[in-house]
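The structure file structure.txt is reproduced below (compact mmCIF, C-alpha atoms).
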```txt
# COMPACT_ATOMS: atom_id res chain seq x y z
CA MET A 20 -7.39 34.18 81.92
CA TYR A 21 -10.66 33.36 80.16
CA LYS A 22 -12.77 30.66 81.83
CA LYS A 23 -14.98 28.56 79.59
CA ARG A 24 -18.73 29.17 79.77
CA HIS A 25 -21.21 26.37 79.16
CA ILE A 26 -23.43 28.58 77.01
CA GLU A 27 -20.72 28.71 74.32
CA GLN A 28 -21.91 25.51 72.63
CA THR A 29 -25.49 26.78 72.64
CA ILE A 30 -24.41 29.97 70.86
CA PHE A 31 -22.54 27.99 68.18
CA LYS A 32 -25.47 25.63 67.71
CA LEU A 33 -28.12 28.34 67.42
CA SER A 34 -25.94 30.43 65.11
CA LYS A 35 -26.49 27.77 62.47
CA SER A 36 -30.25 28.42 62.55
CA PHE A 37 -30.59 32.07 63.56
CA PRO A 38 -28.88 35.05 61.90
CA VAL A 39 -29.20 37.07 65.13
CA ILE A 40 -28.23 35.97 68.64
CA LEU A 41 -29.20 38.19 71.58
CA LEU A 42 -27.37 37.47 74.83
CA THR A 43 -29.05 39.08 77.83
CA GLY A 44 -28.43 39.14 81.55
CA PRO A 45 -27.47 41.39 84.45
CA ARG A 46 -24.44 43.64 84.28
CA GLN A 47 -21.02 42.16 85.04
CA VAL A 48 -21.93 38.50 84.39
CA GLY A 49 -19.45 38.18 81.51
CA LYS A 50 -21.48 38.76 78.33
CA THR A 51 -18.88 41.01 76.70
CA THR A 52 -15.94 38.84 77.78
CA LEU A 53 -17.67 35.76 76.36
CA TYR A 54 -18.33 37.39 72.99
CA GLU A 55 -14.81 38.84 72.80
CA PHE A 56 -13.40 35.34 73.30
CA LEU A 57 -15.73 33.75 70.73
CA GLN A 58 -14.97 36.58 68.31
CA LYS A 59 -11.50 35.13 67.79
CA LYS A 60 -12.98 31.80 66.71
CA MET A 61 -15.83 33.19 64.60
CA LYS A 62 -13.95 36.22 63.19
CA HIS A 63 -16.77 38.65 63.95
CA ASN A 64 -16.19 42.38 63.99
CA TYR A 65 -16.85 44.01 67.36
CA VAL A 66 -18.32 47.36 68.40
CA SER A 67 -19.58 48.66 71.74
CA LEU A 68 -22.39 51.19 72.09
CA ASP A 69 -20.99 52.17 75.47
CA GLU A 70 -18.81 54.67 73.59
CA PHE A 71 -20.63 57.98 73.11
CA GLU A 72 -19.63 58.75 69.51
CA ILE A 73 -20.39 55.24 68.29
CA ARG A 74 -23.72 55.24 70.13
CA SER A 75 -24.64 58.60 68.58
CA LEU A 76 -23.96 57.29 65.08
CA ALA A 77 -26.01 54.15 65.74
CA LYS A 78 -28.97 56.18 67.01
CA ASN A 79 -28.88 59.00 64.46
CA ASP A 80 -27.90 57.11 61.31
CA PRO A 81 -28.40 53.33 61.77
CA GLY A 82 -27.89 52.64 58.06
CA LEU A 83 -24.49 54.35 57.97
CA PHE A 84 -23.52 52.60 61.21
CA LEU A 85 -24.13 49.17 59.67
CA GLU A 86 -22.22 50.21 56.56
CA GLN A 87 -19.29 51.22 58.72
CA TYR A 88 -19.49 48.05 60.83
CA PRO A 89 -20.43 45.22 58.46
CA SER A 90 -21.60 41.70 59.29
CA PRO A 91 -20.55 39.38 60.85
CA LEU A 92 -20.77 41.78 63.76
CA ILE A 93 -20.97 41.78 67.54
CA ILE A 94 -22.86 44.80 68.92
CA ASP A 95 -22.40 45.25 72.66
CA GLU A 96 -25.12 47.02 74.71
CA ILE A 97 -27.74 47.09 71.96
CA GLN A 98 -30.30 48.60 74.37
CA TYR A 99 -28.61 52.00 73.87
CA ALA A 100 -29.61 52.10 70.18
CA PRO A 101 -32.79 50.07 69.51
CA GLN A 102 -33.06 52.09 66.28
CA LEU A 103 -30.61 49.57 64.81
CA LEU A 104 -32.99 46.63 65.08
CA PRO A 105 -35.21 47.33 62.02
CA TYR A 106 -32.09 47.94 59.93
CA ILE A 107 -30.57 44.66 61.09
CA LYS A 108 -33.82 42.95 60.09
CA SER A 109 -33.63 44.47 56.59
CA ARG A 110 -30.03 43.34 56.12
CA VAL A 111 -30.77 39.84 57.40
CA ASP A 112 -33.74 39.51 55.03
CA ALA A 113 -31.80 40.91 52.06
CA ALA A 114 -28.97 38.46 52.69
CA LYS A 115 -31.47 35.60 53.10
CA ASN A 116 -30.34 34.98 56.68
CA LYS A 117 -26.70 34.50 55.68
CA CYS A 118 -25.34 37.46 57.63
CA SER A 119 -24.67 37.22 61.35
CA TYR A 120 -25.26 39.63 64.22
CA TRP A 121 -24.49 38.84 67.84
CA LEU A 122 -26.00 41.31 70.28
CA THR A 123 -25.77 41.83 74.04
CA GLY A 124 -28.20 43.68 76.27
CA SER A 125 -27.94 44.30 80.01
CA GLN A 126 -31.50 45.42 80.58
CA HIS A 127 -34.74 44.00 79.24
CA PHE A 128 -37.20 46.78 79.99
CA HIS A 129 -38.02 47.97 76.46
CA LEU A 130 -35.37 45.96 74.65
CA MET A 131 -37.35 42.72 74.57
CA ARG A 132 -40.39 44.47 73.14
CA ASP A 133 -38.27 46.12 70.44
CA VAL A 134 -36.53 42.84 69.60
CA SER A 135 -39.82 40.95 69.41
CA GLU A 136 -41.32 43.56 67.09
CA SER A 137 -38.30 43.90 64.79
CA LEU A 138 -36.61 40.49 64.74
CA ALA A 139 -39.38 37.96 65.30
CA GLY A 140 -38.38 34.61 63.82
CA ARG A 141 -34.82 35.81 63.17
CA VAL A 142 -33.38 36.02 66.67
CA ALA A 143 -32.46 33.48 69.33
CA ILE A 144 -32.60 35.00 72.81
CA LEU A 145 -30.25 33.57 75.44
CA LYS A 146 -29.86 34.43 79.12
CA LEU A 147 -26.57 34.44 81.00
CA LEU A 148 -26.00 34.60 84.75
CA GLY A 149 -22.80 34.48 86.78
CA PHE A 150 -20.63 31.37 86.83
CA SER A 151 -22.25 28.09 87.74
CA GLN A 152 -20.40 25.85 90.17
CA ALA A 153 -19.62 23.46 87.33
CA GLU A 154 -18.13 26.29 85.27
CA GLU A 155 -16.14 27.58 88.23
CA MET A 156 -14.62 24.13 88.72
CA SER A 157 -14.06 23.70 84.97
CA ASN A 158 -16.30 20.61 84.88
CA LEU A 159 -17.65 19.55 81.52
CA GLN A 160 -21.14 20.64 80.57
CA PRO A 161 -23.74 17.83 80.66
CA LYS A 162 -25.36 17.04 77.32
CA LYS A 163 -28.74 18.14 78.64
CA PRO A 164 -30.10 20.26 81.51
CA TRP A 165 -30.10 18.66 84.93
CA THR A 166 -33.05 16.75 86.36
CA PRO A 167 -33.21 14.50 89.44
CA GLU A 168 -33.25 11.41 87.25
CA LEU A 169 -29.58 12.13 86.50
CA ALA A 170 -28.62 11.64 90.17
CA ASN A 171 -26.75 8.35 90.32
CA ILE A 172 -26.11 6.28 93.42
CA ASN A 173 -22.57 5.65 92.13
CA GLN A 174 -21.68 9.31 91.50
CA LYS A 175 -18.73 10.83 93.31
CA TYR A 176 -19.05 14.17 95.06
CA SER A 177 -16.68 16.73 96.51
CA ASN A 178 -16.17 16.83 100.25
CA ILE A 179 -18.76 18.69 102.33
CA ASN A 180 -17.56 21.93 103.91
CA LEU A 181 -20.36 24.19 105.13
CA LEU A 182 -18.16 27.19 105.85
CA LYS A 183 -16.75 26.93 102.33
CA LEU A 184 -20.32 26.68 101.00
CA PHE A 185 -21.44 29.81 102.82
CA LYS A 186 -18.31 31.62 101.78
CA LYS A 187 -19.45 31.00 98.20
CA ILE A 188 -23.00 32.03 99.02
CA ILE A 189 -21.78 35.35 100.47
CA ARG A 190 -19.34 35.92 97.63
CA GLY A 191 -21.82 35.23 94.84
CA ASN A 192 -21.02 34.17 91.29
CA PHE A 193 -19.97 37.28 89.42
CA PRO A 194 -16.83 36.61 87.32
CA LYS A 195 -14.90 39.35 89.14
CA PHE A 196 -14.61 37.08 92.17
CA LEU A 197 -12.70 34.42 90.24
CA HIS A 198 -9.82 36.80 89.51
CA LYS A 199 -6.68 36.61 91.63
CA ASN A 200 -7.00 40.26 92.56
CA CYS A 201 -10.75 40.21 93.12
CA PRO A 202 -12.26 43.17 94.97
CA PRO A 203 -13.68 42.91 98.49
CA SER A 204 -17.28 41.79 98.07
CA GLU A 205 -18.70 44.70 100.04
CA ASN A 206 -16.95 47.22 97.80
CA PHE A 207 -17.96 45.39 94.64
CA TYR A 208 -21.63 45.09 95.56
CA GLY A 209 -21.84 48.62 96.91
CA SER A 210 -20.57 49.93 93.58
CA TYR A 211 -22.74 47.46 91.68
CA VAL A 212 -25.98 48.56 93.35
CA GLN A 213 -25.19 52.22 92.84
CA THR A 214 -24.24 51.68 89.18
CA TYR A 215 -27.35 49.58 88.58
CA ILE A 216 -29.59 52.27 90.02
CA ASP A 217 -27.81 55.16 88.29
CA ARG A 218 -27.34 53.65 84.82
CA ASP A 219 -30.21 51.26 84.35
CA LEU A 220 -33.05 52.61 86.43
CA ARG A 221 -32.81 56.38 86.25
CA ASN A 222 -35.13 56.45 83.23
CA PHE A 223 -37.65 54.16 84.89
CA VAL A 224 -37.72 55.33 88.51
CA ARG A 225 -38.32 58.99 89.37
CA ALA A 226 -35.20 60.67 90.77
CA GLY A 227 -36.93 61.33 94.09
CA SER A 228 -37.79 57.64 94.42
CA LEU A 229 -34.31 56.18 93.92
CA SER A 230 -33.62 55.95 97.66
CA SER A 231 -37.00 54.27 98.14
CA PHE A 232 -36.09 51.82 95.39
CA GLU A 233 -32.87 50.86 97.16
CA LYS A 234 -34.90 50.19 100.31
CA PHE A 235 -37.30 48.13 98.19
CA ILE A 236 -34.58 45.88 96.75
CA ARG A 237 -33.13 45.32 100.23
CA LEU A 238 -36.54 44.20 101.45
CA CYS A 239 -36.88 41.91 98.41
CA ALA A 240 -33.49 40.36 99.18
CA GLY A 241 -34.64 39.67 102.74
CA ARG A 242 -37.60 37.74 101.32
CA THR A 243 -35.65 35.43 98.99
CA ALA A 244 -37.12 31.89 98.83
CA GLN A 245 -40.36 33.14 100.40
CA LEU A 246 -43.89 33.52 99.11
CA LEU A 247 -44.35 36.96 97.56
CA ASN A 248 -46.69 39.15 99.60
CA LEU A 249 -46.94 42.36 97.59
CA SER A 250 -49.10 44.12 100.17
CA ASP A 251 -46.55 43.58 102.94
CA LEU A 252 -43.67 44.45 100.64
CA ALA A 253 -45.33 47.69 99.54
CA ARG A 254 -46.24 48.63 103.12
CA ASP A 255 -42.72 48.02 104.43
CA SER A 256 -41.27 50.00 101.51
CA ASP A 257 -43.69 52.92 102.00
CA ILE A 258 -44.89 52.67 98.41
CA THR A 259 -48.13 51.70 96.68
CA ILE A 260 -48.87 48.15 95.56
CA LYS A 261 -48.88 49.39 91.96
CA THR A 262 -45.37 50.81 92.39
CA ALA A 263 -44.21 47.60 94.07
CA LYS A 264 -45.43 45.62 91.04
CA GLU A 265 -43.63 47.96 88.65
CA TRP A 266 -40.38 47.85 90.57
CA LEU A 267 -40.51 44.08 90.95
CA SER A 268 -40.98 43.84 87.18
CA LEU A 269 -37.81 45.92 86.74
CA LEU A 270 -35.83 43.58 88.98
CA GLU A 271 -37.18 40.54 87.15
CA ALA A 272 -36.59 42.01 83.69
CA SER A 273 -33.00 42.94 84.51
CA GLY A 274 -32.23 39.38 85.62
CA HIS A 275 -31.81 40.03 89.33
CA VAL A 276 -34.86 38.24 90.71
CA TYR A 277 -36.81 35.18 89.65
CA LEU A 278 -40.50 34.61 90.37
CA LEU A 279 -41.15 30.89 90.78
CA LYS A 280 -44.75 30.02 90.03
CA PRO A 281 -46.75 27.29 91.80
CA TYR A 282 -47.63 24.03 90.11
CA TYR A 283 -51.27 23.14 89.52
CA LYS A 284 -52.86 20.53 87.29
CA ASN A 285 -54.69 23.37 85.58
CA ILE A 286 -51.80 25.19 83.87
CA SER A 287 -53.64 28.52 83.74
CA LYS A 288 -53.77 28.58 87.54
CA ARG A 289 -49.98 28.78 87.65
CA LEU A 290 -50.20 32.31 86.33
CA ILE A 291 -52.61 33.69 88.91
CA LYS A 292 -51.43 32.15 92.18
CA ILE A 293 -48.78 33.61 94.48
CA PRO A 294 -45.19 33.08 93.24
CA LYS A 295 -42.10 32.66 95.36
CA LEU A 296 -39.44 35.36 95.13
CA TYR A 297 -35.77 34.49 94.62
CA PHE A 298 -32.66 36.61 94.12
CA LEU A 299 -30.58 35.03 91.37
CA ASP A 300 -27.23 35.92 92.96
CA THR A 301 -26.84 35.06 96.64
CA GLY A 302 -23.87 37.39 97.02
CA LEU A 303 -26.00 40.37 96.08
CA ALA A 304 -28.78 39.17 98.40
CA CYS A 305 -26.29 38.81 101.29
CA TYR A 306 -24.89 42.30 100.68
CA LEU A 307 -28.35 43.85 100.61
CA THR A 308 -29.38 42.11 103.83
CA GLY A 309 -26.14 42.66 105.74
CA TRP A 310 -24.81 39.10 106.01
CA LYS A 311 -21.02 39.41 105.83
CA THR A 312 -19.29 36.31 107.22
CA PRO A 313 -19.80 32.58 106.60
CA GLU A 314 -19.98 31.84 110.33
CA THR A 315 -22.76 34.30 111.14
CA THR A 316 -24.67 33.60 107.92
CA PHE A 317 -24.64 29.83 108.44
CA LYS A 318 -26.05 30.29 111.95
CA GLY A 319 -28.44 33.08 111.00
CA ALA A 320 -32.14 33.22 110.19
CA MET A 321 -31.57 33.38 106.43
CA ALA A 322 -29.30 30.34 106.17
CA GLY A 323 -32.05 28.01 104.86
CA PRO A 324 -33.54 30.48 102.34
CA LEU A 325 -30.07 31.41 101.04
CA PHE A 326 -29.20 27.72 100.62
CA GLU A 327 -32.44 27.12 98.71
CA THR A 328 -31.79 30.22 96.58
CA PHE A 329 -28.28 28.98 95.79
CA ILE A 330 -29.59 25.61 94.59
CA LEU A 331 -32.42 27.12 92.52
CA ALA A 332 -30.03 29.48 90.73
CA GLU A 333 -27.75 26.58 89.79
CA ILE A 334 -30.68 24.62 88.33
CA ILE A 335 -31.83 27.65 86.33
CA LYS A 336 -28.31 28.15 84.94
CA SER A 337 -28.30 24.52 83.81
CA TYR A 338 -31.32 25.23 81.58
CA TRP A 339 -30.42 28.74 80.44
CA ASN A 340 -26.94 27.58 79.42
CA HIS A 341 -28.69 25.12 77.09
CA GLY A 342 -30.91 27.88 75.70
CA GLN A 343 -34.01 26.53 77.43
CA GLU A 344 -36.50 27.96 79.89
CA ALA A 345 -36.44 26.08 83.18
CA PRO A 346 -39.64 23.98 83.57
CA ILE A 347 -39.55 24.50 87.29
CA TRP A 348 -42.28 25.21 89.85
CA TYR A 349 -43.01 24.87 93.54
CA TYR A 350 -45.83 22.95 95.23
CA ARG A 351 -47.94 24.10 98.16
CA THR A 352 -51.37 23.09 99.48
CA LYS A 353 -53.79 25.07 101.61
CA GLU A 354 -52.65 22.86 104.48
CA LYS A 355 -49.10 24.21 103.90
CA GLU A 356 -47.76 20.91 102.63
CA GLU A 357 -44.93 22.09 100.42
CA ILE A 358 -42.22 20.95 98.03
CA ASP A 359 -39.45 23.46 97.40
CA LEU A 360 -39.03 22.76 93.68
CA LEU A 361 -40.66 20.64 90.97
CA ILE A 362 -39.09 19.99 87.60
CA GLU A 363 -41.53 18.95 84.88
CA LYS A 364 -40.22 16.73 82.09
CA ASP A 365 -41.93 14.41 79.62
CA GLY A 366 -45.15 14.41 81.64
CA LYS A 367 -43.40 13.55 84.90
CA LEU A 368 -42.83 15.71 87.96
CA TYR A 369 -39.50 15.48 89.75
CA PRO A 370 -39.68 16.83 93.32
CA ILE A 371 -36.61 18.53 94.79
CA GLU A 372 -36.27 19.47 98.45
CA THR A 373 -33.40 21.54 99.82
CA LYS A 374 -32.42 20.75 103.38
CA LEU A 375 -29.63 22.50 105.27
CA SER A 376 -29.18 19.40 107.41
CA TYR A 377 -27.95 15.86 106.98
CA ARG A 378 -31.03 14.40 108.75
CA ILE A 379 -34.35 13.96 106.91
CA THR A 380 -37.44 13.56 109.10
CA ASP A 381 -41.04 12.47 108.50
CA TRP A 382 -42.02 16.14 108.63
CA ASP A 383 -39.80 16.76 105.60
CA LEU A 384 -41.77 14.14 103.66
CA LYS A 385 -45.20 15.76 104.12
CA GLY A 386 -45.10 17.54 100.78
CA ILE A 387 -43.97 14.40 98.96
CA LYS A 388 -46.78 12.32 100.50
CA SER A 389 -49.28 15.04 99.60
CA ILE A 390 -48.35 15.15 95.92
CA GLU A 391 -48.34 11.35 95.78
CA LYS A 392 -52.02 11.44 96.81
CA SER A 393 -52.77 13.71 93.84
CA LYS A 394 -51.90 10.77 91.57
CA ALA A 395 -49.50 12.94 89.60
CA LEU A 396 -46.96 10.96 87.59
CA LEU A 397 -43.80 11.32 89.65
CA GLY A 398 -40.19 10.65 88.82
CA LYS A 399 -37.28 10.39 91.21
CA THR A 400 -37.41 12.62 94.32
CA ILE A 401 -34.20 14.32 95.46
CA PHE A 402 -33.30 15.79 98.84
CA ILE A 403 -30.30 18.09 98.35
CA SER A 404 -28.76 18.26 101.81
CA THR A 405 -25.54 18.39 103.80
CA THR A 406 -25.19 14.62 103.86
CA THR A 407 -21.67 13.39 103.16
CA LYS A 408 -22.79 10.62 100.81
CA LEU A 409 -25.69 9.75 98.53
CA TYR A 410 -28.18 7.20 99.90
CA LEU A 411 -31.69 5.90 99.34
CA LEU A 412 -34.22 7.19 101.88
CA ALA A 413 -37.14 5.23 100.44
CA LYS A 414 -38.19 3.82 97.12
CA ASN A 415 -37.54 6.50 94.49
CA ILE A 416 -36.34 9.03 97.12
CA ILE A 417 -32.63 9.83 97.19
CA VAL A 418 -30.69 12.05 99.59
CA VAL A 419 -27.66 13.66 97.94
CA PRO A 420 -24.87 16.02 99.03
CA TYR A 421 -25.31 19.64 97.94
CA THR A 422 -22.10 19.24 95.93
CA ILE A 423 -24.29 17.54 93.31
CA ILE A 424 -24.66 21.05 91.84
CA GLU A 425 -21.09 20.73 90.56
CA ASN A 426 -22.51 18.31 87.97
CA PHE A 427 -25.08 20.77 86.61
```
Please re-express this file's structure in structure tokens.
Amino acid sequence: MYKKRHIEQTIFKLSKSFPVILLTGPRQVGKTTLYEFLQKKMKHNYVSLDEFEIRSLAKNDPGLFLEQYPSPLIIDEIQYAPQLLPYIKSRVDAAKNKCSYWLTGSQHFHLMRDVSESLAGRVAILKLLGFSQAEEMSNLQPKKPWTPELANINQKYSNINLLKLFKKIIRGNFPKFLHKNCPPSENFYGSYVQTYIDRDLRNFVRAGSLSSFEKFIRLCAGRTAQLLNLSDLARDSDITIKTAKEWLSLLEASGHVYLLKPYYKNISKRLIKIPKLYFLDTGLACYLTGWKTPETTFKGAMAGPLFETFILAEIIKSYWNHGQEAPIWYYRTKEKEEIDLLIEKDGKLYPIETKLSYRITDWDLKGIKSIEKSKALLGKTIFISTTTKLYLLAKNIIVVPYTIIENF
């Protein structure tokens, strides 16, 4: 059974303005399934470049390929034949933007450069991750991406169940796990990691380094929700800092990790300060770090970082499903006063703290008090915690149950 994705409405909306839609994201997040479902409504033709003969035609004779598969057309796995992109541009221009091409791509490495060069101004680029909690529960998509100002004292939330929460964190959000006959997570992720390395990275990582790369991604997963220390990461992986940068770029480009930049008044400083590293699927992070059961994970050393990672990923999905980049940062002073997340909107900053506890202490407010002293224009502050009900902690500071993410 097909399960509705929130990004559907964004695709329909952007299709009215852009002749080409490129849907990107990691493997197995449902890009093909989504397009196949929408194909029935939009009456697009469909072709996959996963098939060898079709891929060969697309690479060797792009013009004949587009004659054989006319617009409106869905082309799955466009990264296998970037030679098609200039020909798509020519057809779009000749038809004065009236033809339609929907593309998918599982890896960004060279694809985004090729798309930017060939289809600038003609393509809308969207990013898809696994199911959000709202999608999984079949909740309606909000009209706009989530910000703390949308938290309402009168909202109703699902019951709190921490073991159920950590069961979801370990499972992750790949669509496969919503099927009745879903595979055991360890088998799925073991196959996923091997397929990812074999299919997507073999051309970018030397064959002799593939085992080192697997060690590298395991070490990255163990550092989710932490400040990125490239020197330590390179040392522990037995690789150079230059190689660590390259490999981290591969993980980021393929949609598996997210580098959260710090917030500074001077915007340019955001680009040169240390980011925080997050895995975008907690199930994959748990597999790579060996956390297998909800009970042990909830009591383990990574419980807090995994909870924070889970919340961040849901916020990012809220923006990406609307076709927007997430205006999200973190805040940290030299005195280590920190705020987990900041959302920037209309000149205001909305602080978000994640707290795997129902009790908020004065220590937890240090970052909030610090940013208040900076005289930044602040909106509502949210503590996402394990509280069973929403309540006001102080003026403009609200503590909410983590089940608020079901409204994203």
Quiz item: Near range 31-37 of chain A, within 10 Å and counting all atoms listed in the file, which residues show up once chain neighbours fewer than 4 positions away are dropped, as a PyMOL selection string?
Solution: chain A and resi 26-27+57+61+111+116-121+140-145+341-342
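Nearest residue to Lys22 in chain A, choosing from A:Pro324, A:Gly149, A:Pro203, A:Gly191 and counting only C-alpha atoms: A:Gly149.
Residue nearest Pro202 in chain A within the list A:Gln174, A:Arg190, A:His275, A:Lys385: A:Arg190 [criterion: smallest interatomic distance, only C-alpha atoms].
The two atoms in question, CA of Ser75 in chain A and CA of Ile107 in chain A, are spaced 16.9 Å apart.
Straight-line separation from CA of Gly44 in chain A to CA of Lys146 in chain A: 5.5 Å.
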Exercise. Could you check how far CA of Phe326 in chain A sits from CA of Ser125 in chain A, in Å to one decimal?
Key: 26.5 Å
Exercise. Identify, on the basis of all atoms listed in the file, every residue whose closest approach to Glu55 in chain A does not exceed 9 Å; exclude the query and any residue fewer than 4 positions from it along the same chain; express the result as a list in words.
Key: Lys50, Thr51, Lys59, Tyr65 and Ile93 of chain A
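The shell of residues at most 7 Å from Tyr421 in chain A, with all atoms listed in the file counted and near chain neighbours (fewer than 2 positions) removed, consists of A:Ile403, A:Ser404, A:Thr405, A:Val419, A:Ile423, A:Ile424.
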Practice problem: Would you mind listing what lies within 10 Å of Leu246 in chain A as a PyMOL selection string, with all atoms listed in the file counted and same-chain residues fewer than 5 positions away left out? | Solution: chain A and resi 278-280+293-297
With N, CA and C atoms as the target, complete range 239-254 of chain A and hand it back as a PDB file, in the frame of the given file.
```
ATOM      1  N   CYS A 239     -36.708  43.078  99.282  1.00  0.00           N
ATOM      2  CA  CYS A 239     -36.880  41.910  98.410  1.00  0.00           C
ATOM      3  C   CYS A 239     -35.818  40.857  98.710  1.00  0.00           C
ATOM      4  N   ALA A 240     -34.576  41.302  98.892  1.00  0.00           N
ATOM      5  CA  ALA A 240     -33.490  40.360  99.180  1.00  0.00           C
ATOM      6  C   ALA A 240     -33.749  39.618 100.480  1.00  0.00           C
ATOM      7  N   GLY A 241     -34.330  40.306 101.468  1.00  0.00           N
ATOM      8  CA  GLY A 241     -34.640  39.670 102.740  1.00  0.00           C
ATOM      9  C   GLY A 241     -35.768  38.668 102.648  1.00  0.00           C
ATOM     10  N   ARG A 242     -36.476  38.664 101.515  1.00  0.00           N
ATOM     11  CA  ARG A 242     -37.600  37.740 101.320  1.00  0.00           C
ATOM     12  C   ARG A 242     -37.269  36.647 100.309  1.00  0.00           C
ATOM     13  N   THR A 243     -36.001  36.465  99.969  1.00  0.00           N
ATOM     14  CA  THR A 243     -35.650  35.430  98.990  1.00  0.00           C
ATOM     15  C   THR A 243     -36.092  34.058  99.476  1.00  0.00           C
ATOM     16  N   ALA A 244     -36.605  33.247  98.550  1.00  0.00           N
ATOM     17  CA  ALA A 244     -37.120  31.890  98.830  1.00  0.00           C
ATOM     18  C   ALA A 244     -38.381  31.911  99.669  1.00  0.00           C
ATOM     19  N   GLN A 245     -39.099  33.049  99.669  1.00  0.00           N
ATOM     20  CA  GLN A 245     -40.360  33.140 100.400  1.00  0.00           C
ATOM     21  C   GLN A 245     -41.503  33.463  99.447  1.00  0.00           C
ATOM     22  N   LEU A 246     -42.715  33.151  99.874  1.00  0.00           N
ATOM     23  CA  LEU A 246     -43.890  33.520  99.110  1.00  0.00           C
ATOM     24  C   LEU A 246     -43.950  35.043  98.993  1.00  0.00           C
ATOM     25  N   LEU A 247     -44.289  35.526  97.800  1.00  0.00           N
ATOM     26  CA  LEU A 247     -44.350  36.960  97.560  1.00  0.00           C
ATOM     27  C   LEU A 247     -45.651  37.524  98.107  1.00  0.00           C
ATOM     28  N   ASN A 248     -45.524  38.442  99.057  1.00  0.00           N
ATOM     29  CA  ASN A 248     -46.690  39.150  99.600  1.00  0.00           C
ATOM     30  C   ASN A 248     -46.516  40.621  99.219  1.00  0.00           C
ATOM     31  N   LEU A 249     -47.124  41.010  98.104  1.00  0.00           N
ATOM     32  CA  LEU A 249     -46.940  42.360  97.590  1.00  0.00           C
ATOM     33  C   LEU A 249     -47.450  43.428  98.551  1.00  0.00           C
ATOM     34  N   SER A 250     -48.536  43.144  99.232  1.00  0.00           N
ATOM     35  CA  SER A 250     -49.100  44.120 100.170  1.00  0.00           C
ATOM     36  C   SER A 250     -48.111  44.432 101.287  1.00  0.00           C
ATOM     37  N   ASP A 251     -47.535  43.378 101.880  1.00  0.00           N
ATOM     38  CA  ASP A 251     -46.550  43.580 102.940  1.00  0.00           C
ATOM     39  C   ASP A 251     -45.305  44.282 102.418  1.00  0.00           C
ATOM     40  N   LEU A 252     -44.867  43.867 101.228  1.00  0.00           N
ATOM     41  CA  LEU A 252     -43.670  44.450 100.640  1.00  0.00           C
ATOM     42  C   LEU A 252     -43.866  45.936 100.357  1.00  0.00           C
ATOM     43  N   ALA A 253     -45.030  46.290  99.824  1.00  0.00           N
ATOM     44  CA  ALA A 253     -45.330  47.690  99.540  1.00  0.00           C
ATOM     45  C   ALA A 253     -45.429  48.499 100.832  1.00  0.00           C
ATOM     46  N   ARG A 254     -46.092  47.923 101.838  1.00  0.00           N
ATOM     47  CA  ARG A 254     -46.240  48.630 103.120  1.00  0.00           C
ATOM     48  C   ARG A 254     -44.891  48.889 103.766  1.00  0.00           C
TER      49      ARG A 254
END
```
